[in-house]
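query_18.pdb follows (PDB, C-alpha atoms, pLDDT in the B column):
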```
MODEL        1
ATOM      1  CA  MET A   1     194.367 299.073  50.177  1.00 36.00           C
ATOM      2  CA  SER A   2     195.994 297.654  53.249  1.00 38.00           C
ATOM      3  CA  ALA A   3     198.368 294.748  52.942  1.00 38.00           C
ATOM      4  CA  VAL A   4     197.372 291.291  54.074  1.00 39.00           C
ATOM      5  CA  HIS A   5     199.053 290.674  57.402  1.00 41.00           C
ATOM      6  CA  LEU A   6     201.062 287.462  57.346  1.00 43.00           C
ATOM      7  CA  ASP A   7     201.402 287.405  61.131  1.00 52.00           C
ATOM      8  CA  LEU A   8     197.892 287.880  62.516  1.00 50.00           C
ATOM      9  CA  ARG A   9     198.805 288.280  66.170  1.00 56.00           C
ATOM     10  CA  ALA A  10     198.192 291.691  67.704  1.00 64.00           C
ATOM     11  CA  TRP A  11     201.620 293.312  67.800  1.00 74.00           C
ATOM     12  CA  LYS A  12     202.159 296.800  69.183  1.00 80.00           C
ATOM     13  CA  ARG A  13     205.118 299.099  68.623  1.00 85.00           C
ATOM     14  CA  VAL A  14     207.404 299.679  71.622  1.00 91.00           C
ATOM     15  CA  ASP A  15     210.526 301.727  72.293  1.00 93.00           C
ATOM     16  CA  PRO A  16     213.885 300.026  71.683  1.00 94.00           C
ATOM     17  CA  PRO A  17     215.673 298.595  74.743  1.00 94.00           C
ATOM     18  CA  LYS A  18     217.916 301.171  76.441  1.00 93.00           C
ATOM     19  CA  PHE A  19     220.992 298.982  76.016  1.00 94.00           C
ATOM     20  CA  LYS A  20     221.875 297.136  72.826  1.00 92.00           C
ATOM     21  CA  LYS A  21     223.009 294.139  74.851  1.00 92.00           C
ATOM     22  CA  ASP A  22     219.302 293.647  75.606  1.00 94.00           C
ATOM     23  CA  TYR A  23     218.323 293.416  71.912  1.00 94.00           C
ATOM     24  CA  PRO A  24     218.503 289.582  71.673  1.00 93.00           C
ATOM     25  CA  GLY A  25     215.174 287.951  72.451  1.00 93.00           C
ATOM     26  CA  LYS A  26     213.127 290.944  71.266  1.00 94.00           C
ATOM     27  CA  MET A  27     210.744 291.054  68.304  1.00 93.00           C
ATOM     28  CA  LEU A  28     211.047 293.264  65.230  1.00 93.00           C
ATOM     29  CA  ARG A  29     208.506 294.170  62.564  1.00 88.00           C
ATOM     30  CA  ILE A  30     209.380 295.029  58.966  1.00 87.00           C
ATOM     31  CA  ARG A  31     207.859 298.412  58.071  1.00 84.00           C
ATOM     32  CA  GLU A  32     209.513 298.891  54.655  1.00 82.00           C
ATOM     33  CA  GLN A  33     210.763 296.385  52.129  1.00 76.00           C
ATOM     34  CA  ILE A  34     214.287 295.215  53.027  1.00 79.00           C
ATOM     35  CA  LEU A  35     216.803 295.616  50.205  1.00 76.00           C
ATOM     36  CA  PHE A  36     220.159 293.922  50.002  1.00 71.00           C
ATOM     37  CA  LYS A  37     223.066 294.151  47.573  1.00 67.00           C
ATOM     38  CA  THR A  38     224.019 291.050  45.634  1.00 71.00           C
ATOM     39  CA  TRP A  39     226.686 290.531  43.006  1.00 70.00           C
ATOM     40  CA  GLU A  40     225.237 290.271  39.505  1.00 75.00           C
ATOM     41  CA  TYR A  41     227.687 288.196  37.491  1.00 75.00           C
ATOM     42  CA  LYS A  42     226.316 289.136  34.077  1.00 77.00           C
ATOM     43  CA  ALA A  43     226.388 292.851  34.901  1.00 71.00           C
ATOM     44  CA  HIS A  44     229.674 292.582  36.875  1.00 75.00           C
ATOM     45  CA  GLU A  45     228.327 294.833  39.598  1.00 77.00           C
ATOM     46  CA  TYR A  46     226.340 294.850  42.834  1.00 72.00           C
ATOM     47  CA  VAL A  47     222.594 295.335  42.414  1.00 77.00           C
ATOM     48  CA  GLU A  48     219.889 295.943  45.014  1.00 76.00           C
ATOM     49  CA  LYS A  49     217.162 293.345  45.370  1.00 77.00           C
ATOM     50  CA  ALA A  50     214.224 292.946  47.728  1.00 77.00           C
ATOM     51  CA  ASP A  51     214.466 290.144  50.259  1.00 77.00           C
ATOM     52  CA  PRO A  52     211.641 287.736  49.284  1.00 74.00           C
ATOM     53  CA  LEU A  53     211.595 286.177  52.766  1.00 73.00           C
ATOM     54  CA  LEU A  54     210.951 289.434  54.616  1.00 77.00           C
ATOM     55  CA  PRO A  55     207.576 290.729  53.394  1.00 76.00           C
ATOM     56  CA  LEU A  56     206.053 293.938  54.691  1.00 74.00           C
ATOM     57  CA  GLY A  57     204.526 293.406  58.111  1.00 75.00           C
ATOM     58  CA  ALA A  58     206.616 290.323  58.898  1.00 81.00           C
ATOM     59  CA  VAL A  59     207.525 289.956  62.579  1.00 85.00           C
ATOM     60  CA  VAL A  60     210.902 288.354  63.310  1.00 89.00           C
ATOM     61  CA  ALA A  61     212.665 287.204  66.474  1.00 91.00           C
ATOM     62  CA  LEU A  62     215.986 288.970  67.084  1.00 94.00           C
ATOM     63  CA  ARG A  63     218.393 286.169  68.022  1.00 93.00           C
ATOM     64  CA  THR A  64     221.762 287.919  68.261  1.00 93.00           C
ATOM     65  CA  ARG A  65     223.682 291.031  67.263  1.00 92.00           C
ATOM     66  CA  TYR A  66     227.207 291.375  65.917  1.00 85.00           C
ATOM     67  CA  THR A  67     229.252 294.354  64.769  1.00 81.00           C
ATOM     68  CA  ASN A  68     232.119 292.922  62.706  1.00 73.00           C
ATOM     69  CA  SER A  69     230.221 292.682  59.414  1.00 66.00           C
ATOM     70  CA  ILE A  70     231.403 294.473  56.254  1.00 66.00           C
ATOM     71  CA  ASN A  71     228.829 295.564  53.681  1.00 61.00           C
ATOM     72  CA  ALA A  72     229.118 295.602  49.879  1.00 56.00           C
ATOM     73  CA  ASP A  73     230.698 299.086  50.029  1.00 61.00           C
ATOM     74  CA  GLY A  74     233.436 297.899  52.356  1.00 65.00           C
ATOM     75  CA  GLU A  75     231.971 299.676  55.377  1.00 72.00           C
ATOM     76  CA  LYS A  76     231.653 298.203  58.849  1.00 78.00           C
ATOM     77  CA  GLN A  77     228.086 297.665  59.980  1.00 80.00           C
ATOM     78  CA  ALA A  78     226.126 296.168  62.863  1.00 89.00           C
ATOM     79  CA  ILE A  79     223.921 293.222  61.952  1.00 90.00           C
ATOM     80  CA  LEU A  80     220.830 291.829  63.699  1.00 93.00           C
ATOM     81  CA  VAL A  81     220.480 288.099  63.149  1.00 93.00           C
ATOM     82  CA  CYS A  82     216.789 287.214  63.174  1.00 92.00           C
ATOM     83  CA  ASP A  83     214.506 284.215  62.736  1.00 90.00           C
ATOM     84  CA  TRP A  84     211.303 284.463  60.725  1.00 85.00           C
ATOM     85  CA  LEU A  85     208.684 281.724  60.890  1.00 78.00           C
ATOM     86  CA  CYS A  86     207.359 281.321  57.359  1.00 71.00           C
ATOM     87  CA  PRO A  87     203.545 280.919  57.332  1.00 62.00           C
ATOM     88  CA  CYS A  88     203.760 278.889  54.103  1.00 63.00           C
ATOM     89  CA  CYS A  89     206.317 276.185  54.891  1.00 65.00           C
ATOM     90  CA  GLY A  90     206.187 276.397  58.697  1.00 66.00           C
ATOM     91  CA  HIS A  91     209.986 276.581  59.008  1.00 76.00           C
ATOM     92  CA  LYS A  92     212.212 279.245  60.511  1.00 83.00           C
ATOM     93  CA  HIS A  93     214.410 281.210  58.126  1.00 86.00           C
ATOM     94  CA  GLU A  94     217.469 283.101  59.325  1.00 90.00           C
ATOM     95  CA  ARG A  95     217.663 286.646  57.992  1.00 88.00           C
ATOM     96  CA  ASN A  96     220.267 289.345  58.598  1.00 88.00           C
ATOM     97  CA  ILE A  97     218.970 292.883  59.079  1.00 89.00           C
ATOM     98  CA  GLN A  98     221.158 295.977  59.157  1.00 88.00           C
ATOM     99  CA  GLU A  99     220.859 297.667  62.536  1.00 92.00           C
ATOM    100  CA  SER A 100     220.848 301.049  60.792  1.00 90.00           C
ATOM    101  CA  LEU A 101     217.343 300.292  59.502  1.00 91.00           C
ATOM    102  CA  LEU A 102     216.049 300.845  63.055  1.00 93.00           C
ATOM    103  CA  ALA A 103     217.191 304.470  63.000  1.00 91.00           C
ATOM    104  CA  GLU A 104     215.696 304.877  59.521  1.00 90.00           C
ATOM    105  CA  GLY A 105     212.300 303.681  60.781  1.00 89.00           C
ATOM    106  CA  LYS A 106     212.194 300.758  58.337  1.00 89.00           C
ATOM    107  CA  VAL A 107     212.232 298.236  61.188  1.00 92.00           C
ATOM    108  CA  GLU A 108     210.654 298.660  64.628  1.00 92.00           C
ATOM    109  CA  PHE A 109     210.555 296.855  67.966  1.00 94.00           C
ATOM    110  CA  VAL A 110     207.199 295.277  68.834  1.00 89.00           C
ATOM    111  CA  GLU A 111     205.687 293.112  71.530  1.00 86.00           C
ATOM    112  CA  ALA A 112     202.528 291.045  71.700  1.00 75.00           C
ATOM    113  CA  GLY A 113     199.460 293.206  72.285  1.00 67.00           C
ATOM    114  CA  ASP A 114     196.676 292.495  74.724  1.00 57.00           C
ATOM    115  CA  GLY A 115     193.634 290.628  73.459  1.00 54.00           C
ATOM    116  CA  LEU A 116     190.181 290.488  75.019  1.00 53.00           C
ATOM    117  CA  ALA A 117     188.292 287.215  75.149  1.00 57.00           C
ATOM    118  CA  ALA A 118     185.117 287.248  73.076  1.00 66.00           C
ATOM    119  CA  ASN A 119     181.771 286.304  74.492  1.00 75.00           C
ATOM    120  CA  PRO A 120     181.198 282.723  73.227  1.00 75.00           C
ATOM    121  CA  ALA A 121     177.691 283.745  72.168  1.00 83.00           C
ATOM    122  CA  ASP A 122     178.917 286.617  69.937  1.00 89.00           C
ATOM    123  CA  ILE A 123     178.629 286.061  66.190  1.00 94.00           C
ATOM    124  CA  ILE A 124     180.263 288.723  64.031  1.00 94.00           C
ATOM    125  CA  TYR A 125     178.964 289.556  60.568  1.00 97.00           C
ATOM    126  CA  LEU A 126     181.878 291.199  58.752  1.00 97.00           C
ATOM    127  CA  ALA A 127     180.857 293.656  56.043  1.00 96.00           C
ATOM    128  CA  CYS A 128     183.007 295.533  53.521  1.00 95.00           C
ATOM    129  CA  PRO A 129     182.713 297.100  50.068  1.00 95.00           C
ATOM    130  CA  TYR A 130     183.105 294.511  47.315  1.00 92.00           C
ATOM    131  CA  THR A 131     181.304 295.336  44.057  1.00 90.00           C
ATOM    132  CA  ALA A 132     183.651 296.798  41.431  1.00 88.00           C
ATOM    133  CA  GLU A 133     184.152 296.543  37.682  1.00 87.00           C
ATOM    134  CA  ASP A 134     187.861 295.876  38.178  1.00 91.00           C
ATOM    135  CA  PRO A 135     188.371 292.174  39.037  1.00 88.00           C
ATOM    136  CA  LYS A 136     191.680 292.997  40.752  1.00 91.00           C
ATOM    137  CA  LEU A 137     189.901 295.398  43.112  1.00 92.00           C
ATOM    138  CA  ARG A 138     187.370 292.692  43.978  1.00 90.00           C
ATOM    139  CA  GLN A 139     190.246 290.295  44.591  1.00 91.00           C
ATOM    140  CA  ASP A 140     192.032 292.838  46.820  1.00 91.00           C
ATOM    141  CA  ARG A 141     188.881 293.426  48.852  1.00 92.00           C
ATOM    142  CA  TRP A 142     188.351 289.678  49.253  1.00 92.00           C
ATOM    143  CA  LEU A 143     191.920 289.238  50.507  1.00 90.00           C
ATOM    144  CA  ALA A 144     191.617 292.197  52.882  1.00 90.00           C
ATOM    145  CA  VAL A 145     188.332 291.118  54.454  1.00 92.00           C
ATOM    146  CA  SER A 146     189.480 287.500  54.762  1.00 92.00           C
ATOM    147  CA  ALA A 147     192.626 288.636  56.593  1.00 88.00           C
ATOM    148  CA  ALA A 148     190.451 290.762  58.896  1.00 89.00           C
ATOM    149  CA  ALA A 149     188.167 287.784  59.553  1.00 91.00           C
ATOM    150  CA  ALA A 150     191.195 285.668  60.473  1.00 87.00           C
ATOM    151  CA  TRP A 151     192.382 288.394  62.854  1.00 84.00           C
ATOM    152  CA  LEU A 152     189.000 288.608  64.587  1.00 87.00           C
ATOM    153  CA  MET A 153     188.927 284.834  64.993  1.00 87.00           C
ATOM    154  CA  LEU A 154     192.550 284.359  66.038  1.00 77.00           C
ATOM    155  CA  ILE A 155     193.055 287.370  68.305  1.00 72.00           C
ATOM    156  CA  TRP A 156     189.589 287.831  69.769  1.00 78.00           C
ATOM    157  CA  GLY A 157     188.081 284.392  69.440  1.00 81.00           C
ATOM    158  CA  TYR A 158     184.943 285.551  67.643  1.00 88.00           C
ATOM    159  CA  THR A 159     182.744 283.403  65.464  1.00 93.00           C
ATOM    160  CA  VAL A 160     182.822 285.300  62.148  1.00 95.00           C
ATOM    161  CA  LEU A 161     180.453 285.250  59.182  1.00 97.00           C
ATOM    162  CA  SER A 162     182.228 286.869  56.219  1.00 96.00           C
ATOM    163  CA  PRO A 163     179.972 286.849  53.138  1.00 95.00           C
ATOM    164  CA  VAL A 164     182.614 288.292  50.813  1.00 94.00           C
ATOM    165  CA  SER A 165     185.134 285.649  51.928  1.00 94.00           C
ATOM    166  CA  MET A 166     182.572 283.006  50.995  1.00 93.00           C
ATOM    167  CA  GLY A 167     180.947 284.666  47.988  1.00 90.00           C
ATOM    168  CA  HIS A 168     184.051 285.674  46.040  1.00 89.00           C
ATOM    169  CA  PRO A 169     185.285 282.113  45.298  1.00 89.00           C
ATOM    170  CA  ILE A 170     181.702 280.910  44.723  1.00 88.00           C
ATOM    171  CA  SER A 171     181.183 283.668  42.150  1.00 86.00           C
ATOM    172  CA  PHE A 172     184.488 282.725  40.510  1.00 81.00           C
ATOM    173  CA  MET A 173     183.453 279.058  40.276  1.00 85.00           C
ATOM    174  CA  SER A 174     180.162 280.104  38.677  1.00 77.00           C
ATOM    175  CA  LYS A 175     182.198 281.827  35.937  1.00 78.00           C
ATOM    176  CA  ASP A 176     180.684 285.102  37.157  1.00 73.00           C
ATOM    177  CA  ARG A 177     177.124 284.035  36.291  1.00 76.00           C
ATOM    178  CA  LEU A 178     176.069 284.672  39.905  1.00 77.00           C
ATOM    179  CA  GLY A 179     177.106 288.301  39.624  1.00 76.00           C
ATOM    180  CA  HIS A 180     179.161 290.603  41.844  1.00 76.00           C
ATOM    181  CA  ASP A 181     176.694 293.233  43.024  1.00 84.00           C
ATOM    182  CA  PHE A 182     174.803 293.226  46.306  1.00 87.00           C
ATOM    183  CA  ALA A 183     171.460 292.533  44.607  1.00 86.00           C
ATOM    184  CA  ALA A 184     172.760 289.128  43.526  1.00 87.00           C
ATOM    185  CA  TRP A 185     173.837 288.267  47.072  1.00 88.00           C
ATOM    186  CA  GLU A 186     171.297 290.202  49.153  1.00 93.00           C
ATOM    187  CA  LYS A 187     169.226 287.189  50.208  1.00 94.00           C
ATOM    188  CA  THR A 188     172.297 285.172  51.249  1.00 93.00           C
ATOM    189  CA  SER A 189     173.969 288.114  52.973  1.00 94.00           C
ATOM    190  CA  LEU A 190     170.957 289.236  54.969  1.00 95.00           C
ATOM    191  CA  THR A 191     170.210 285.642  55.984  1.00 96.00           C
ATOM    192  CA  LEU A 192     173.713 285.438  57.448  1.00 96.00           C
ATOM    193  CA  LEU A 193     173.340 288.860  59.062  1.00 96.00           C
ATOM    194  CA  GLY A 194     170.058 287.707  60.609  1.00 95.00           C
ATOM    195  CA  ALA A 195     171.988 284.992  62.444  1.00 95.00           C
ATOM    196  CA  ALA A 196     174.619 287.412  63.793  1.00 96.00           C
ATOM    197  CA  THR A 197     174.747 289.280  67.081  1.00 94.00           C
ATOM    198  CA  HIS A 198     176.978 292.126  65.836  1.00 93.00           C
ATOM    199  CA  LEU A 199     177.702 293.895  62.567  1.00 95.00           C
ATOM    200  CA  VAL A 200     181.345 294.880  62.033  1.00 94.00           C
ATOM    201  CA  VAL A 201     182.184 297.116  59.055  1.00 94.00           C
ATOM    202  CA  LEU A 202     185.728 296.899  57.688  1.00 93.00           C
ATOM    203  CA  LEU A 203     186.670 300.442  56.652  1.00 92.00           C
ATOM    204  CA  LEU A 204     188.242 299.841  53.272  1.00 92.00           C
ATOM    205  CA  PRO A 205     188.361 302.610  50.656  1.00 92.00           C
ATOM    206  CA  GLY A 206     184.958 302.864  49.018  1.00 92.00           C
ATOM    207  CA  VAL A 207     182.951 301.894  52.102  1.00 92.00           C
ATOM    208  CA  SER A 208     180.848 305.080  52.061  1.00 90.00           C
ATOM    209  CA  ALA A 209     179.753 304.451  48.464  1.00 91.00           C
ATOM    210  CA  SER A 210     178.882 300.785  48.984  1.00 93.00           C
ATOM    211  CA  ALA A 211     175.181 300.047  48.491  1.00 93.00           C
ATOM    212  CA  GLY A 212     175.669 296.675  50.150  1.00 94.00           C
ATOM    213  CA  VAL A 213     177.219 298.129  53.294  1.00 94.00           C
ATOM    214  CA  ARG A 214     174.424 300.720  53.532  1.00 94.00           C
ATOM    215  CA  ALA A 215     171.817 297.971  53.257  1.00 95.00           C
ATOM    216  CA  GLU A 216     173.576 295.854  55.878  1.00 95.00           C
ATOM    217  CA  ILE A 217     173.773 298.797  58.288  1.00 94.00           C
ATOM    218  CA  GLY A 218     170.091 299.559  57.750  1.00 94.00           C
ATOM    219  CA  PHE A 219     169.141 295.918  58.361  1.00 95.00           C
ATOM    220  CA  ALA A 220     171.308 295.746  61.509  1.00 94.00           C
ATOM    221  CA  ARG A 221     169.748 298.932  62.873  1.00 93.00           C
ATOM    222  CA  LYS A 222     166.229 297.554  62.392  1.00 94.00           C
ATOM    223  CA  LYS A 223     167.270 294.440  64.310  1.00 93.00           C
ATOM    224  CA  GLY A 224     168.935 296.524  67.010  1.00 91.00           C
ATOM    225  CA  LEU A 225     172.342 294.930  66.471  1.00 92.00           C
ATOM    226  CA  PRO A 226     175.473 296.684  67.767  1.00 90.00           C
ATOM    227  CA  ILE A 227     177.432 298.129  64.839  1.00 92.00           C
ATOM    228  CA  TRP A 228     181.216 298.293  65.217  1.00 90.00           C
ATOM    229  CA  THR A 229     183.891 299.433  62.811  1.00 90.00           C
ATOM    230  CA  LEU A 230     187.238 297.820  62.075  1.00 89.00           C
ATOM    231  CA  HIS A 231     190.120 300.057  60.991  1.00 84.00           C
ATOM    232  CA  PRO A 232     193.153 298.730  59.112  1.00 79.00           C
ATOM    233  CA  HIS A 233     195.944 300.097  61.286  1.00 64.00           C
ATOM    234  CA  GLU A 234     199.581 300.778  60.454  1.00 53.00           C
ATOM    235  CA  HIS A 235     201.071 299.322  63.612  1.00 49.00           C
ATOM    236  CA  GLU A 236     198.533 296.994  65.242  1.00 53.00           C
ATOM    237  CA  ALA A 237     197.023 295.378  62.110  1.00 63.00           C
ATOM    238  CA  TYR A 238     193.462 296.487  62.982  1.00 72.00           C
ATOM    239  CA  ARG A 239     191.657 298.590  65.554  1.00 72.00           C
ATOM    240  CA  ILE A 240     188.090 297.901  66.685  1.00 75.00           C
ATOM    241  CA  ASP A 241     185.776 300.829  67.424  1.00 75.00           C
ATOM    242  CA  ARG A 242     182.702 299.819  69.376  1.00 71.00           C
ATOM    243  CA  ALA A 243     181.254 303.297  68.897  1.00 60.00           C
ATOM    244  CA  PRO A 244     180.404 303.308  65.166  1.00 53.00           C
ATOM    245  CA  ILE A 245     181.421 306.210  62.955  1.00 48.00           C
ATOM    246  CA  LEU A 246     178.910 305.338  60.232  1.00 48.00           C
ATOM    247  CA  ASP A 247     175.400 306.733  60.190  1.00 49.00           C
ATOM    248  CA  GLY A 248     172.316 304.836  59.136  1.00 41.00           C
ATOM    249  CA  ASP A 249     172.973 305.522  55.448  1.00 41.00           C
ATOM    250  CA  GLY A 250     176.469 304.125  55.592  1.00 41.00           C
ATOM    251  CA  HIS A 251     178.225 307.482  55.300  1.00 43.00           C
ATOM    252  CA  GLU A 252     181.058 308.527  57.539  1.00 44.00           C
ATOM    253  CA  SER A 253     179.856 310.883  60.248  1.00 41.00           C
ATOM    254  CA  ALA A 254     181.872 313.331  62.301  1.00 29.00           C
TER
ENDMDL
END
```
Could I get this file's structure written as structure tokens?
Amino acid sequence: MSAVHLDLRAWKRVDPPKFKKDYPGKMLRIREQILFKTWEYKAHEYVEKADPLLPLGAVVALRTRYTNSINADGEKQAILVCDWLCPCCGHKHERNIQESLLAEGKVEFVEAGDGLAANPADIIYLACPYTAEDPKLRQDRWLAVSAAAAWLMLIWGYTVLSPVSMGHPISFMSKDRLGHDFAAWEKTSLTLLGAATHLVVLLLPGVSASAGVRAEIGFARKKGLPIWTLHPHEHEAYRIDRAPILDGDGHESA
């Protein structure tokens, strides 16, 4: 399951500047959880902890670089002083990142990617697998598709109909009496799909086995709607394919 992207802009990985003096003003993305050593008074030793203000996928602004820092082991190290805009409180937080993490591939340079303006008349119906016995899996799928819907709206400017984003909290408020399978939501879902101009399938694990996705693809094909696929992507959040890789039965085709 892909992580929810806290920064929904389209960032793309780029090579580091040739000279380190050009680092300030650039953007960095966190690829692996940042750990730091802190003194544990009860244990009387340094322990490694994850930085709670640098989640995976966070993009930070590199403000300055200095080389006279000493780490917990008494070694000299270069530090990148960065600002991260917290999406929860709306404030900037200063964070220090070891420059060595660049060479380790745990942090990478990025820049804003290009976005294409959507046709104002386009209405995207965003489909994904949802039904599962495990409530945590349903929750994960709801979070993933809602993040994808936000990305399509923010980056591309699409109008998005996301039935799982809507149906999951409604089902919760009904104390699950409305059900979780596609049969319970077929009328609502296909009514929304009937108002759309495009079907976009978010390729989460389990998409090929989803009866709901197969039904939505079949309905879209009968209506002659374009069917696109949306790939969770390691570096650019998502990638849109306008040539679908799913056949009429909802199975992945070569």
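Each of A:Ile240, A:Ala196, A:Met153, A:Ile79 was checked against Thr64 in chain A using all atoms listed in the file; the smallest atom-to-atom distance is that of A:Ile79.
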- Exactly which residues make up the result of the PyMOL selection byres ((chain A and resi 198-209) around 9) on this file, given as an MDAnalysis selection string? chainID A and resid 1:2 122:130 141 144:145 148 193 196:197 210:214 216:217 220 225:232 240 242 244 246 249:252
- Using the chain letters and numbers from the file, which residues does the PyMOL selection byres ((chain A and resi 188) around 12) grab, as a PyMOL selection string? chain A and resi 161-164+166-167+178+182-187+189-195+216
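For the pair CA of Pro120 in chain A and CA of Val160 in chain A, the interatomic distance is 11.5 Å.
With distances restricted to all atoms listed in the file, A:Trp142 is the closest residue to Ile170 in chain A from A:Gly57, A:Trp142, A:Glu133, A:Pro52.
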- Hey, can you check how far CA of Ile30 in chain A sits from CA of Ala103 in chain A? 12.9 Å
- Query: Quick one: distance from CA of Glu48 in chain A to CA of Leu85 in chain A in Å, one decimal?
  - Reply: 24.1 Å
- Task: Excluding Phe36 in chain A and residues on its chain fewer than 2 positions from it, collect all residues at most 9 Å away from it, counting all atoms listed in the file, and give them as a ChimeraX atom specification.
- Result: /A:34,38,47-51
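Proximity ranking of A:Phe219, A:Tyr238, A:Phe172, A:Trp84 relative to Ala147 in chain A places A:Tyr238 first, based on only C-alpha atoms.
Between Thr159 in chain A and the residues A:Arg221, A:Asn119, A:Lys76, A:Glu108, the shortest atom-to-atom distance, using all atoms listed in the file, involves A:Asn119.
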- Message: Env of Arg65 in chain A: 9 Å cut, atoms = all atoms listed in the file, seq-sep filter 5 positions within chain, self excluded. Answer as a ChimeraX atom specification.
- Response: /A:20-21,23-24,78-82,99
